[in-house]
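What follows is the content of model00.txt (compact mmCIF, C-alpha atoms and all ligand atoms).
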# COMPACT_ATOMS: atom_id res chain seq x y z
CA MET Z 1 -206.51 184.45 57.27
CA LEU Z 2 -202.75 183.96 56.89
CA LEU Z 3 -200.97 185.49 59.82
CA GLY Z 4 -203.40 188.34 59.93
CA GLU Z 5 -204.72 189.85 63.11
CA LEU Z 6 -206.85 187.48 65.14
CA THR Z 7 -210.24 189.20 65.15
CA PRO Z 8 -212.57 189.09 68.17
CA SER Z 9 -215.11 187.13 66.14
CA TRP Z 10 -212.53 184.54 65.03
CA LYS Z 11 -211.33 184.13 68.62
CA GLY Z 12 -214.89 183.83 69.90
CA ARG Z 13 -215.72 181.07 67.46
CA LEU Z 14 -212.45 179.28 68.20
CA ARG Z 15 -213.08 179.32 71.98
CA ARG Z 16 -216.65 178.08 71.72
CA ARG Z 17 -215.81 175.29 69.30
CA VAL Z 18 -212.76 174.07 71.20
CA GLN Z 19 -214.59 173.99 74.53
CA ALA Z 20 -217.70 172.32 73.07
CA TRP Z 21 -215.61 169.73 71.21
CA TYR Z 22 -213.58 168.95 74.33
CA GLY Z 23 -216.78 168.43 76.32
CA ARG Z 24 -217.83 165.74 73.86
CA HIS Z 25 -214.51 164.12 72.90
CA ALA Z 26 -212.15 164.35 75.87
CA ARG Z 27 -210.42 161.08 76.65
CA ASP Z 28 -210.82 159.88 80.20
CA LEU Z 29 -207.15 160.14 81.23
CA PRO Z 30 -206.17 159.51 84.85
CA TRP Z 31 -204.58 162.92 85.46
CA ARG Z 32 -207.75 164.64 84.27
CA ARG Z 33 -209.58 163.19 87.25
CA GLN Z 34 -208.83 165.25 90.36
CA PRO Z 35 -206.48 167.59 88.50
CA ASN Z 36 -204.61 168.93 91.52
CA PRO Z 37 -201.22 170.65 91.01
CA TYR Z 38 -199.21 167.59 92.01
CA ARG Z 39 -201.03 165.21 89.63
CA VAL Z 40 -200.92 167.69 86.76
CA TRP Z 41 -197.22 168.34 87.35
CA VAL Z 42 -196.30 164.64 87.41
CA SER Z 43 -198.34 163.89 84.29
CA GLU Z 44 -197.03 166.84 82.29
CA ILE Z 45 -193.41 166.01 83.10
CA MET Z 46 -194.01 162.41 81.99
CA LEU Z 47 -195.85 163.53 78.84
CA GLN Z 48 -193.01 165.82 77.73
CA GLN Z 49 -191.17 163.17 75.74
CA THR Z 50 -193.49 160.19 76.03
CA GLN Z 51 -196.75 159.00 74.45
CA VAL Z 52 -200.04 159.17 76.37
CA ALA Z 53 -200.51 155.37 76.17
CA THR Z 54 -197.13 154.71 77.82
CA VAL Z 55 -197.56 157.42 80.42
CA GLN Z 56 -200.87 156.05 81.73
CA ALA Z 57 -199.36 152.95 83.35
CA TYR Z 58 -196.35 154.84 84.71
CA PHE Z 59 -198.56 157.59 86.11
CA ALA Z 60 -200.71 155.09 88.06
CA ARG Z 61 -197.66 153.33 89.47
CA PHE Z 62 -195.88 156.55 90.36
CA LEU Z 63 -198.94 157.99 92.14
CA ALA Z 64 -199.42 154.73 94.04
CA ALA Z 65 -195.78 154.89 95.23
CA PHE Z 66 -195.75 158.65 95.89
CA PRO Z 67 -199.35 159.84 96.41
CA THR Z 68 -198.37 163.37 97.48
CA VAL Z 69 -195.50 165.78 97.08
CA TYR Z 70 -194.45 164.90 100.67
CA ASP Z 71 -194.07 161.22 99.77
CA LEU Z 72 -191.96 162.14 96.76
CA ALA Z 73 -189.75 164.46 98.81
CA GLU Z 74 -189.20 161.77 101.44
CA ALA Z 75 -188.21 159.07 98.94
CA ASP Z 76 -184.61 158.64 97.99
CA GLU Z 77 -183.54 159.30 94.44
CA GLY Z 78 -182.96 155.62 93.71
CA GLN Z 79 -186.61 154.77 94.49
CA VAL Z 80 -187.83 157.59 92.25
CA LEU Z 81 -185.62 156.46 89.38
CA ARG Z 82 -186.78 152.87 89.85
CA MET Z 83 -190.39 154.05 89.30
CA TRP Z 84 -189.25 155.97 86.24
CA GLU Z 85 -187.28 153.06 84.77
CA GLY Z 86 -188.07 152.59 81.07
CA LEU Z 87 -189.54 156.07 80.55
CA GLY Z 88 -186.21 157.54 79.48
CA TYR Z 89 -184.93 161.12 79.88
CA TYR Z 90 -184.14 160.37 83.51
CA ARG Z 91 -183.13 163.95 84.22
CA ARG Z 92 -186.85 164.64 84.40
CA ALA Z 93 -187.20 162.32 87.40
CA ARG Z 94 -184.15 163.67 89.19
CA GLN Z 95 -185.31 167.24 88.69
CA MET Z 96 -188.84 166.38 89.90
CA HIS Z 97 -187.40 164.81 92.98
CA ALA Z 98 -185.26 167.90 93.68
CA ALA Z 99 -188.31 170.12 93.01
CA SER Z 100 -190.47 168.13 95.45
CA ARG Z 101 -187.92 168.81 98.18
CA MET Z 102 -187.97 172.50 97.35
CA ILE Z 103 -191.78 172.58 97.50
CA VAL Z 104 -191.78 170.84 100.89
CA ASP Z 105 -188.76 172.57 102.45
CA GLN Z 106 -189.24 176.08 101.11
CA TRP Z 107 -192.92 176.39 100.23
CA GLY Z 108 -194.47 174.41 103.08
CA GLY Z 109 -195.68 171.68 100.71
CA GLN Z 110 -197.87 174.05 98.64
CA PHE Z 111 -197.45 174.87 94.98
CA ARG Z 112 -197.17 178.62 94.33
CA THR Z 113 -200.08 180.08 92.36
CA ASP Z 114 -197.88 182.28 90.19
CA VAL Z 115 -196.38 180.85 87.01
CA GLN Z 116 -193.17 182.88 87.38
CA GLU Z 117 -192.59 181.39 90.81
CA LEU Z 118 -193.44 177.88 89.62
CA GLN Z 119 -190.66 178.23 87.07
CA GLN Z 120 -188.13 178.41 89.90
CA LEU Z 121 -188.63 174.67 90.35
CA PRO Z 122 -186.01 172.48 88.62
CA GLY Z 123 -187.39 171.12 85.34
CA VAL Z 124 -190.43 173.44 85.31
CA GLY Z 125 -190.40 175.72 82.30
CA ARG Z 126 -192.97 178.02 80.85
CA TYR Z 127 -195.11 175.19 79.50
CA THR Z 128 -195.28 173.07 82.68
CA ALA Z 129 -195.92 176.16 84.81
CA GLY Z 130 -198.74 177.18 82.43
CA ALA Z 131 -200.21 173.68 82.55
CA ILE Z 132 -200.17 173.51 86.37
CA GLY Z 133 -201.60 177.04 86.57
CA SER Z 134 -204.34 176.62 84.00
CA LEU Z 135 -205.31 172.95 84.41
CA ALA Z 136 -205.06 172.63 88.21
CA MET Z 137 -205.54 176.17 89.51
CA GLY Z 138 -207.88 177.75 86.97
CA LEU Z 139 -205.39 180.54 86.20
CA ARG Z 140 -205.76 182.31 82.88
CA GLU Z 141 -202.38 181.15 81.56
CA PRO Z 142 -201.38 179.89 78.10
CA ILE Z 143 -199.69 176.62 77.26
CA LEU Z 144 -197.56 175.62 74.29
CA GLU Z 145 -196.22 172.09 73.80
CA ALA Z 146 -195.73 169.74 70.86
CA ASN Z 147 -199.46 169.29 70.09
CA THR Z 148 -200.37 172.95 70.41
CA ILE Z 149 -197.31 174.11 68.48
CA ARG Z 150 -198.57 172.08 65.53
CA LEU Z 151 -202.22 173.10 65.92
CA LEU Z 152 -201.55 176.82 66.38
CA SER Z 153 -198.95 176.94 63.58
CA ARG Z 154 -201.60 175.57 61.24
CA LEU Z 155 -204.42 177.70 62.59
CA VAL Z 156 -202.53 180.95 61.99
CA GLY Z 157 -200.58 179.68 58.95
CA TYR Z 158 -197.08 180.08 60.38
CA ARG Z 159 -194.67 178.78 57.74
CA GLU Z 160 -191.29 179.30 59.41
CA ASP Z 161 -189.74 177.00 62.02
CA PRO Z 162 -192.09 177.16 65.04
CA ARG Z 163 -189.39 175.87 67.40
CA LYS Z 164 -187.05 178.85 66.81
CA GLY Z 165 -187.10 182.12 68.76
CA ALA Z 166 -189.39 184.16 66.48
CA GLY Z 167 -191.82 181.27 66.04
CA GLN Z 168 -191.92 180.61 69.78
CA ARG Z 169 -192.60 184.28 70.53
CA LEU Z 170 -195.42 184.44 67.99
CA LEU Z 171 -197.03 181.18 69.14
CA TRP Z 172 -196.83 182.00 72.86
CA GLN Z 173 -198.40 185.36 72.08
CA THR Z 174 -201.11 183.59 70.06
CA ALA Z 175 -201.72 181.03 72.84
CA ARG Z 176 -202.23 183.93 75.28
CA ASP Z 177 -204.33 185.96 72.88
CA ILE Z 178 -206.86 183.21 72.26
CA LEU Z 179 -207.50 182.31 75.93
CA PRO Z 180 -211.14 182.52 77.00
CA ARG Z 181 -212.13 184.41 80.14
CA LYS Z 182 -213.62 181.29 81.73
CA GLN Z 183 -213.00 177.56 81.65
CA VAL Z 184 -209.39 177.96 80.65
CA ALA Z 185 -208.64 174.39 81.70
CA ALA Z 186 -211.14 172.88 79.26
CA PHE Z 187 -209.89 175.21 76.54
CA ASN Z 188 -206.20 174.40 76.99
CA GLN Z 189 -206.91 170.68 77.34
CA GLY Z 190 -209.10 170.93 74.24
CA LEU Z 191 -206.27 172.50 72.22
CA MET Z 192 -203.93 169.66 73.24
CA GLU Z 193 -206.58 167.04 72.56
CA ILE Z 194 -207.37 168.37 69.08
CA GLY Z 195 -203.62 168.57 68.43
CA SER Z 196 -203.05 164.99 69.48
CA LEU Z 197 -206.18 163.28 68.05
CA VAL Z 198 -207.22 165.38 65.05
CA CYS Z 199 -204.43 167.73 63.96
CA THR Z 200 -201.92 164.90 63.70
CA PRO Z 201 -198.41 165.42 62.26
CA SER Z 202 -199.13 163.57 59.00
CA SER Z 203 -202.55 163.21 57.36
CA PRO Z 204 -204.45 165.45 59.80
CA HIS Z 205 -208.18 164.66 60.05
CA CYS Z 206 -209.41 168.04 58.85
CA GLY Z 207 -212.82 166.55 57.99
CA GLN Z 208 -213.41 165.94 61.70
CA CYS Z 209 -211.78 169.09 63.00
CA PRO Z 210 -214.04 171.52 64.89
CA VAL Z 211 -211.87 174.49 63.90
CA ALA Z 212 -211.13 173.55 60.26
CA THR Z 213 -213.07 176.51 58.86
CA LEU Z 214 -210.99 178.85 61.05
CA CYS Z 215 -207.68 177.28 60.00
CA ALA Z 216 -205.36 179.15 57.65
CA ALA Z 217 -203.47 175.98 56.70
CA GLN Z 218 -206.66 174.13 55.77
CA ILE Z 219 -208.08 177.10 53.81
CA HIS Z 220 -204.82 177.45 51.84
CA GLU Z 221 -204.18 173.67 51.69
CA LEU Z 222 -200.89 173.97 53.51
CA GLN Z 223 -201.45 171.25 56.14
CA THR Z 224 -198.57 169.14 54.86
CA LYS Z 225 -196.18 172.14 54.71
CA ILE Z 226 -196.99 173.40 58.20
CA PRO Z 227 -195.31 173.05 60.59
CA ARG Z 228 -192.05 173.08 58.70
CA PRO Z 229 -190.34 169.71 59.32
CA LYS Z 230 -187.45 169.50 61.75
CA PRO Z 231 -184.02 169.10 60.13
CA LYS Z 232 -183.23 165.38 59.87
CA GLN Z 233 -181.35 163.92 62.79
CA THR Z 234 -177.94 162.65 61.78
CA PHE Z 235 -176.73 159.65 63.75
CA THR Z 236 -173.23 158.80 64.89
CA GLU Z 237 -172.42 155.07 65.04
CA LEU Z 238 -170.88 153.80 68.28
CA ARG Z 239 -169.63 150.36 69.29
CA GLU Z 240 -169.85 149.62 72.97
CA ALA Z 241 -169.45 146.65 75.27
CA ALA Z 242 -171.21 145.87 78.55
CA VAL Z 243 -169.78 143.21 80.81
CA VAL Z 244 -171.61 141.00 83.32
CA VAL Z 245 -168.84 140.32 85.82
CA ARG Z 246 -169.75 137.42 88.12
CA LYS Z 247 -168.45 136.60 91.57
CA GLN Z 248 -170.08 133.98 93.79
CA GLY Z 249 -173.59 134.40 92.43
CA ARG Z 250 -173.40 138.18 92.32
CA VAL Z 251 -172.85 140.62 89.50
CA LEU Z 252 -170.99 143.90 89.43
CA LEU Z 253 -172.98 147.13 89.01
CA ARG Z 254 -171.88 150.74 88.81
CA ARG Z 255 -173.89 153.91 89.32
CA CYS Z 256 -173.61 156.34 86.40
CA ALA Z 257 -172.09 159.61 87.60
CA ASP Z 258 -173.55 163.09 87.13
CA GLY Z 259 -172.80 164.32 83.64
CA GLN Z 260 -172.67 160.78 82.20
CA ARG Z 261 -175.35 159.18 80.08
CA TRP Z 262 -178.02 157.80 82.50
CA ALA Z 263 -176.74 159.84 85.43
CA GLY Z 264 -178.16 158.39 88.66
CA LEU Z 265 -179.06 155.01 87.15
CA TRP Z 266 -177.16 151.78 87.66
CA ASP Z 267 -175.54 149.86 84.86
CA PHE Z 268 -173.07 147.10 84.14
CA PRO Z 269 -169.51 148.17 83.37
CA ARG Z 270 -169.89 149.68 79.88
CA PHE Z 271 -167.55 151.51 77.52
CA GLU Z 272 -166.69 152.14 73.89
CA ILE Z 273 -164.61 149.47 72.17
CA ASP Z 274 -162.22 149.68 69.26
CA SER Z 275 -161.16 146.04 68.82
CA ARG Z 276 -163.23 143.52 66.90
CA ARG Z 277 -161.52 140.18 67.48
CA ALA Z 278 -159.60 138.04 69.93
CA PRO Z 279 -157.12 138.38 71.42
CA LYS Z 280 -157.11 142.18 71.23
CA LEU Z 281 -160.77 142.40 72.17
CA GLN Z 282 -160.28 140.27 75.32
CA TRP Z 283 -157.37 142.47 76.28
CA GLU Z 284 -159.43 145.64 75.76
CA LEU Z 285 -162.37 144.31 77.81
CA THR Z 286 -160.04 143.33 80.65
CA GLU Z 287 -158.24 146.66 80.60
CA LYS Z 288 -161.40 148.78 80.53
CA VAL Z 289 -163.25 146.86 83.26
CA GLN Z 290 -160.13 147.20 85.41
CA GLN Z 291 -160.01 150.98 84.75
CA GLN Z 292 -163.71 151.48 85.42
CA THR Z 293 -164.04 149.27 88.52
CA GLY Z 294 -160.66 148.05 89.81
CA ILE Z 295 -161.63 144.42 89.15
CA GLN Z 296 -159.59 141.94 87.11
CA ILE Z 297 -161.63 139.73 84.86
CA GLU Z 298 -161.40 136.79 82.55
CA PRO Z 299 -163.75 137.65 79.65
CA GLY Z 300 -166.16 134.92 78.62
CA ARG Z 301 -168.60 134.52 75.79
CA LEU Z 302 -170.73 137.04 73.95
CA LEU Z 303 -174.25 136.85 75.47
CA GLN Z 304 -176.10 139.13 73.09
CA THR Z 305 -175.73 142.07 70.75
CA ILE Z 306 -178.29 144.84 71.26
CA ARG Z 307 -178.81 147.71 68.84
CA HIS Z 308 -180.34 150.85 70.32
CA ASP Z 309 -180.43 154.62 69.84
CA VAL Z 310 -179.64 157.18 72.50
CA THR Z 311 -180.06 160.83 71.49
CA ARG Z 312 -177.91 161.18 68.36
CA TYR Z 313 -176.02 157.93 68.81
CA ARG Z 314 -176.79 154.65 67.09
CA ILE Z 315 -175.22 152.09 69.35
CA THR Z 316 -174.21 148.50 68.78
CA LEU Z 317 -173.80 147.02 72.24
CA ASP Z 318 -172.00 143.70 72.64
CA CYS Z 319 -172.78 142.09 76.00
CA TYR Z 320 -170.15 139.76 77.45
CA GLU Z 321 -169.93 137.53 80.44
CA ALA Z 322 -166.82 137.55 82.58
CA ARG Z 323 -165.45 135.92 85.70
CA CYS Z 324 -163.93 137.94 88.51
CA LEU Z 325 -160.29 136.96 89.02
CA GLY Z 326 -159.56 139.38 91.82
CA GLY Z 327 -158.73 143.01 92.45
CA ARG Z 328 -160.48 145.54 94.66
CA LEU Z 329 -163.39 147.78 93.83
CA HIS Z 330 -162.30 151.40 93.45
CA ARG Z 331 -163.25 153.26 96.58
CA THR Z 332 -165.98 155.80 95.92
CA ALA Z 333 -167.60 158.14 98.43
CA ASP Z 334 -171.15 157.15 97.46
CA LYS Z 335 -170.50 153.41 97.06
CA SER Z 336 -171.16 153.61 93.35
CA LEU Z 337 -169.69 150.15 92.67
CA ARG Z 338 -171.43 147.13 94.16
CA TRP Z 339 -171.72 143.37 93.99
CA VAL Z 340 -175.44 142.64 93.66
CA SER Z 341 -177.43 139.40 93.99
CA ALA Z 342 -180.14 138.30 91.55
CA VAL Z 343 -182.88 139.35 93.99
CA GLU Z 344 -181.34 142.74 94.71
CA LEU Z 345 -181.12 143.53 90.99
CA ASN Z 346 -184.85 144.25 91.11
CA THR Z 347 -184.42 147.15 93.48
CA PHE Z 348 -181.86 149.04 91.39
CA ALA Z 349 -182.96 151.47 88.66
CA LEU Z 350 -181.24 150.33 85.48
CA SER Z 351 -181.04 151.67 81.95
CA THR Z 352 -183.31 149.83 79.49
CA THR Z 353 -180.43 147.85 78.03
CA GLY Z 354 -179.09 147.29 81.54
CA ARG Z 355 -182.43 145.73 82.55
CA LYS Z 356 -182.41 143.46 79.46
CA LEU Z 357 -178.96 142.32 80.33
CA ALA Z 358 -179.89 141.84 83.99
CA ARG Z 359 -182.73 139.51 82.96
CA LEU Z 360 -180.38 137.56 80.78
CA ALA Z 361 -177.78 137.35 83.55
CA VAL Z 362 -180.34 136.18 86.12
CA ASN Z 363 -181.78 133.54 83.79
CA GLN Z 364 -178.31 132.15 83.40
CA LEU Z 365 -177.72 132.12 87.13
CA THR Z 366 -180.97 130.39 87.95
CA GLY Z 367 -181.78 128.61 84.71
N1 LIG Z 401 -199.60 166.05 75.98
C1 LIG Z 401 -199.02 166.84 76.89
N2 LIG Z 401 -199.88 167.18 77.85
C2 LIG Z 401 -201.06 166.57 77.56
C3 LIG Z 401 -202.32 166.50 78.19
N3 LIG Z 401 -202.54 167.15 79.34
N4 LIG Z 401 -203.29 165.79 77.60
C4 LIG Z 401 -203.03 165.13 76.46
N5 LIG Z 401 -201.87 165.15 75.82
C5 LIG Z 401 -200.87 165.85 76.37

Kindly transcribe the structure held in the file into structure tokens.
Amino acid sequence: MLLGELTPSWKGRLRRRVQAWYGRHARDLPWRRQPNPYRVWVSEIMLQQTQVATVQAYFARFLAAFPTVYDLAEADEGQVLRMWEGLGYYRRARQMHAASRMIVDQWGGQFRTDVQELQQLPGVGRYTAGAIGSLAMGLREPILEANTIRLLSRLVGYREDPRKGAGQRLLWQTARDILPRKQVAAFNQGLMEIGSLVCTPSSPHCGQCPVATLCAAQIHELQTKIPRPKPKQTFTELREAAVVVRKQGRVLLRRCADGQRWAGLWDFPRFEIDSRRAPKLQWELTEKVQQQTGIQIEPGRLLQTIRHDVTRYRITLDCYEARCLGGRLHRTADKSLRWVSAVELNTFALSTTGRKLARLAVNQLTG
């Protein structure tokens, strides 16, 4: 069947096979035990851009720090970001924190049992609302995320881009159309589990797939053509510098402002650089640290060069040491510039490269 109507018999077989397979093959993942709305919400937000293996450790730590939505709402944003450090896409954590306050302040600490209402929460879209509703509340609601987009595109033989408007409409409609009357949680989890373990992006394991004989892509040997690959990401090269400015055993940190990369996290003074060599480079470092912080420095040696990618940027980051010569920190309402000791560095949420640099800076202080 290639994009034909989904017949009642096809849907019946699909439901039975997915549920039976999930019963036998489900991984024992922490958020599947006691799947209450809070645990499902936290796990699904973490899983949006991050692998299951990475999420497991973060999930356990996060739940230990904030066992309920009340604990999350009471925490300050810095603590939440510190728990999220290393997971990336930090907007997710800030939005979750804002959402927890909305749940506590406006909903009396209870999640709404309507997926439209759940979508009023910051960071909760159709998918997360469907996951909370179906996995934690037993609501008959569809889900569609990376794994199920791939699985359903193949099952129905959808050859266009499944991430575009028409593809999304068709796949959401399909995800709703195939829902069983009962045990929706096991069915939706089963779809995701087949998508992630069997119906993998390259070389799917069709020989082990419980729904292979129902799958248009497998019948027509289109598994490698579906889903249509994303257009290739083109990278822009950037050269940046980060500077560890020292003063009496402390280092200078700045909090990234809203709208900047890593908004809400702390970082060393960091900026783009044009110059390659002394003395122009030293002049540029001095000038830009002064602009960003108000502090005059004497640049020192290059500590390390780190290459890393952020969204569409391929960044070469040169990390320098510097000595504080004087000057005054720019005054900011939220004290977003601070001198921080080696011990205190542990309590600040830093970007991944910021943390690497912090370790290096501390080793040099104490080593
Ligand atoms: N990816 C996103 N959500 C998931 C879930 N609940 N189980 C496994 N993989 C997932």

Give me the residues near region 325-330 of chain Z as a compact mmCIF listing (two decimals) with C-alpha atoms, in the frame of the given file, where near means some atom within 12 Å (using only C-alpha atoms) and where sequence neighbours in that chain fewer than 2 positions away do not count.
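Result file is selection22.txt:
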# COMPACT_ATOMS: atom_id res chain seq x y z
CA VAL Z 245 -168.84 140.32 85.82
CA ARG Z 246 -169.75 137.42 88.12
CA LYS Z 247 -168.45 136.60 91.57
CA GLN Z 248 -170.08 133.98 93.79
CA LEU Z 252 -170.99 143.90 89.43
CA LEU Z 253 -172.98 147.13 89.01
CA ARG Z 254 -171.88 150.74 88.81
CA THR Z 286 -160.04 143.33 80.65
CA VAL Z 289 -163.25 146.86 83.26
CA GLN Z 290 -160.13 147.20 85.41
CA GLN Z 291 -160.01 150.98 84.75
CA GLN Z 292 -163.71 151.48 85.42
CA THR Z 293 -164.04 149.27 88.52
CA GLY Z 294 -160.66 148.05 89.81
CA ILE Z 295 -161.63 144.42 89.15
CA GLN Z 296 -159.59 141.94 87.11
CA ILE Z 297 -161.63 139.73 84.86
CA GLU Z 298 -161.40 136.79 82.55
CA PRO Z 299 -163.75 137.65 79.65
CA ALA Z 322 -166.82 137.55 82.58
CA ARG Z 323 -165.45 135.92 85.70
CA THR Z 332 -165.98 155.80 95.92
CA ALA Z 333 -167.60 158.14 98.43
CA ASP Z 334 -171.15 157.15 97.46
CA LYS Z 335 -170.50 153.41 97.06
CA SER Z 336 -171.16 153.61 93.35
CA LEU Z 337 -169.69 150.15 92.67
CA ARG Z 338 -171.43 147.13 94.16
CA TRP Z 339 -171.72 143.37 93.99

Find the residue from Z:Pro35, Z:Pro210, Z:Gly130, Z:Gly264 that sits nearest to Gly78 (chain Z); use all atoms listed in the file when measuring.
->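 The shortest atom-to-atom distance to Gly78 (chain Z) comes from Z:Gly264.
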
Min atom-atom distance to ligand LIG 401 (chain Z) from the set Z:Leu152, Z:Met83, Z:Ala186, Z:Leu360, counting only C-alpha atoms and all ligand atoms, belongs to Z:Ala186

Residue among Z:Thr305, Z:Cys209, Z:Leu155, Z:Ala361 lying closest to Trp10 (chain Z), counting all atoms listed in the file =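 Of Z:Thr305, Z:Cys209, Z:Leu155, Z:Ala361, the one nearest Trp10 (chain Z), counting all atoms listed in the file, is Z:Leu155.
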
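The gap separating CA of Lys356 (chain Z) from CA of Ile315 (chain Z) is 15.1 Å, in Å to one decimal.
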
Determine the nearest neighbour of Phe59 (chain Z) from the options Z:Trp41, Z:Trp262, Z:Phe268, Z:Tyr127, counting all atoms listed in the file.
->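 Looking at the shortest contact to Phe59 (chain Z), the residue is Z:Trp41.
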
Taking all atoms listed in the file into account, produce a table as a tab-separated table in which each residue of chain Z with an atom at most 6 Å from an atom of ligand LIG 401 (chain Z) appears once, together with its shortest atom pair and the distance in Å to one decimal, ordered by chain and rising number.
residue	atom	partner	partner_atom	distance
Z:Glu44	CA	Z:LIG401	N2	5.3
Z:Leu47	CA	Z:LIG401	C1	5.0
Z:Gln189	CA	Z:LIG401	N3	6.0
Z:Met192	CA	Z:LIG401	N5	5.6
Z:Glu193	CA	Z:LIG401	C4	5.6

Using the atoms already present, construct all heavy atoms for region 154-160 of chain Z and hand them back as a PDB file, in the frame of the given file.
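This went into part-v7.pdb:
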ATOM      1  N   ARG Z 154    -200.676 175.766  62.361  1.00  0.00           N
ATOM      2  CA  ARG Z 154    -201.600 175.570  61.240  1.00  0.00           C
ATOM      3  C   ARG Z 154    -202.743 176.571  61.280  1.00  0.00           C
ATOM      4  O   ARG Z 154    -203.115 177.145  60.249  1.00  0.00           O
ATOM      5  CB  ARG Z 154    -202.139 174.135  61.240  1.00  0.00           C
ATOM      6  CG  ARG Z 154    -201.089 173.126  60.765  1.00  0.00           C
ATOM      7  CD  ARG Z 154    -201.597 171.709  60.830  1.00  0.00           C
ATOM      8  NE  ARG Z 154    -200.612 170.760  60.308  1.00  0.00           N
ATOM      9  CZ  ARG Z 154    -200.551 169.477  60.641  1.00  0.00           C
ATOM     10  NH1 ARG Z 154    -201.427 168.977  61.523  1.00  0.00           N
ATOM     11  NH2 ARG Z 154    -199.642 168.689  60.118  1.00  0.00           N
ATOM     12  N   LEU Z 155    -203.283 176.777  62.475  1.00  0.00           N
ATOM     13  CA  LEU Z 155    -204.420 177.700  62.590  1.00  0.00           C
ATOM     14  C   LEU Z 155    -204.078 179.086  62.047  1.00  0.00           C
ATOM     15  O   LEU Z 155    -204.858 179.684  61.318  1.00  0.00           O
ATOM     16  CB  LEU Z 155    -204.851 177.834  64.053  1.00  0.00           C
ATOM     17  CG  LEU Z 155    -205.931 176.895  64.569  1.00  0.00           C
ATOM     18  CD1 LEU Z 155    -206.106 177.074  66.074  1.00  0.00           C
ATOM     19  CD2 LEU Z 155    -207.265 177.136  63.854  1.00  0.00           C
ATOM     20  N   VAL Z 156    -202.885 179.587  62.432  1.00  0.00           N
ATOM     21  CA  VAL Z 156    -202.530 180.950  61.990  1.00  0.00           C
ATOM     22  C   VAL Z 156    -201.698 180.939  60.716  1.00  0.00           C
ATOM     23  O   VAL Z 156    -201.358 181.992  60.185  1.00  0.00           O
ATOM     24  CB  VAL Z 156    -201.789 181.745  63.101  1.00  0.00           C
ATOM     25  CG1 VAL Z 156    -202.639 181.835  64.360  1.00  0.00           C
ATOM     26  CG2 VAL Z 156    -200.423 181.147  63.404  1.00  0.00           C
ATOM     27  N   GLY Z 157    -201.333 179.762  60.212  1.00  0.00           N
ATOM     28  CA  GLY Z 157    -200.580 179.680  58.950  1.00  0.00           C
ATOM     29  C   GLY Z 157    -199.138 180.105  59.087  1.00  0.00           C
ATOM     30  O   GLY Z 157    -198.601 180.783  58.199  1.00  0.00           O
ATOM     31  N   TYR Z 158    -198.480 179.686  60.176  1.00  0.00           N
ATOM     32  CA  TYR Z 158    -197.080 180.080  60.380  1.00  0.00           C
ATOM     33  C   TYR Z 158    -196.145 179.133  59.639  1.00  0.00           C
ATOM     34  O   TYR Z 158    -196.037 177.952  59.974  1.00  0.00           O
ATOM     35  CB  TYR Z 158    -196.753 180.090  61.885  1.00  0.00           C
ATOM     36  CG  TYR Z 158    -195.378 180.643  62.158  1.00  0.00           C
ATOM     37  CD1 TYR Z 158    -195.094 181.989  61.902  1.00  0.00           C
ATOM     38  CD2 TYR Z 158    -194.360 179.832  62.630  1.00  0.00           C
ATOM     39  CE1 TYR Z 158    -193.833 182.508  62.120  1.00  0.00           C
ATOM     40  CE2 TYR Z 158    -193.084 180.339  62.865  1.00  0.00           C
ATOM     41  CZ  TYR Z 158    -192.835 181.675  62.597  1.00  0.00           C
ATOM     42  OH  TYR Z 158    -191.577 182.191  62.809  1.00  0.00           O
ATOM     43  N   ARG Z 159    -195.426 179.656  58.640  1.00  0.00           N
ATOM     44  CA  ARG Z 159    -194.670 178.780  57.740  1.00  0.00           C
ATOM     45  C   ARG Z 159    -193.197 178.636  58.083  1.00  0.00           C
ATOM     46  O   ARG Z 159    -192.497 177.829  57.490  1.00  0.00           O
ATOM     47  CB  ARG Z 159    -194.811 179.274  56.294  1.00  0.00           C
ATOM     48  CG  ARG Z 159    -196.263 179.260  55.845  1.00  0.00           C
ATOM     49  CD  ARG Z 159    -196.399 179.538  54.379  1.00  0.00           C
ATOM     50  NE  ARG Z 159    -195.821 178.458  53.580  1.00  0.00           N
ATOM     51  CZ  ARG Z 159    -196.040 178.284  52.287  1.00  0.00           C
ATOM     52  NH1 ARG Z 159    -196.822 179.123  51.646  1.00  0.00           N
ATOM     53  NH2 ARG Z 159    -195.484 177.300  51.635  1.00  0.00           N
ATOM     54  N   GLU Z 160    -192.705 179.451  59.015  1.00  0.00           N
ATOM     55  CA  GLU Z 160    -191.290 179.300  59.410  1.00  0.00           C
ATOM     56  C   GLU Z 160    -191.171 178.211  60.479  1.00  0.00           C
ATOM     57  O   GLU Z 160    -192.160 177.595  60.840  1.00  0.00           O
ATOM     58  CB  GLU Z 160    -190.756 180.636  59.956  1.00  0.00           C
ATOM     59  CG  GLU Z 160    -190.901 181.813  59.010  1.00  0.00           C
ATOM     60  CD  GLU Z 160    -190.237 181.545  57.662  1.00  0.00           C
ATOM     61  OE1 GLU Z 160    -189.110 181.002  57.668  1.00  0.00           O
ATOM     62  OE2 GLU Z 160    -190.858 181.848  56.628  1.00  0.00           O
TER      63      GLU Z 160
END
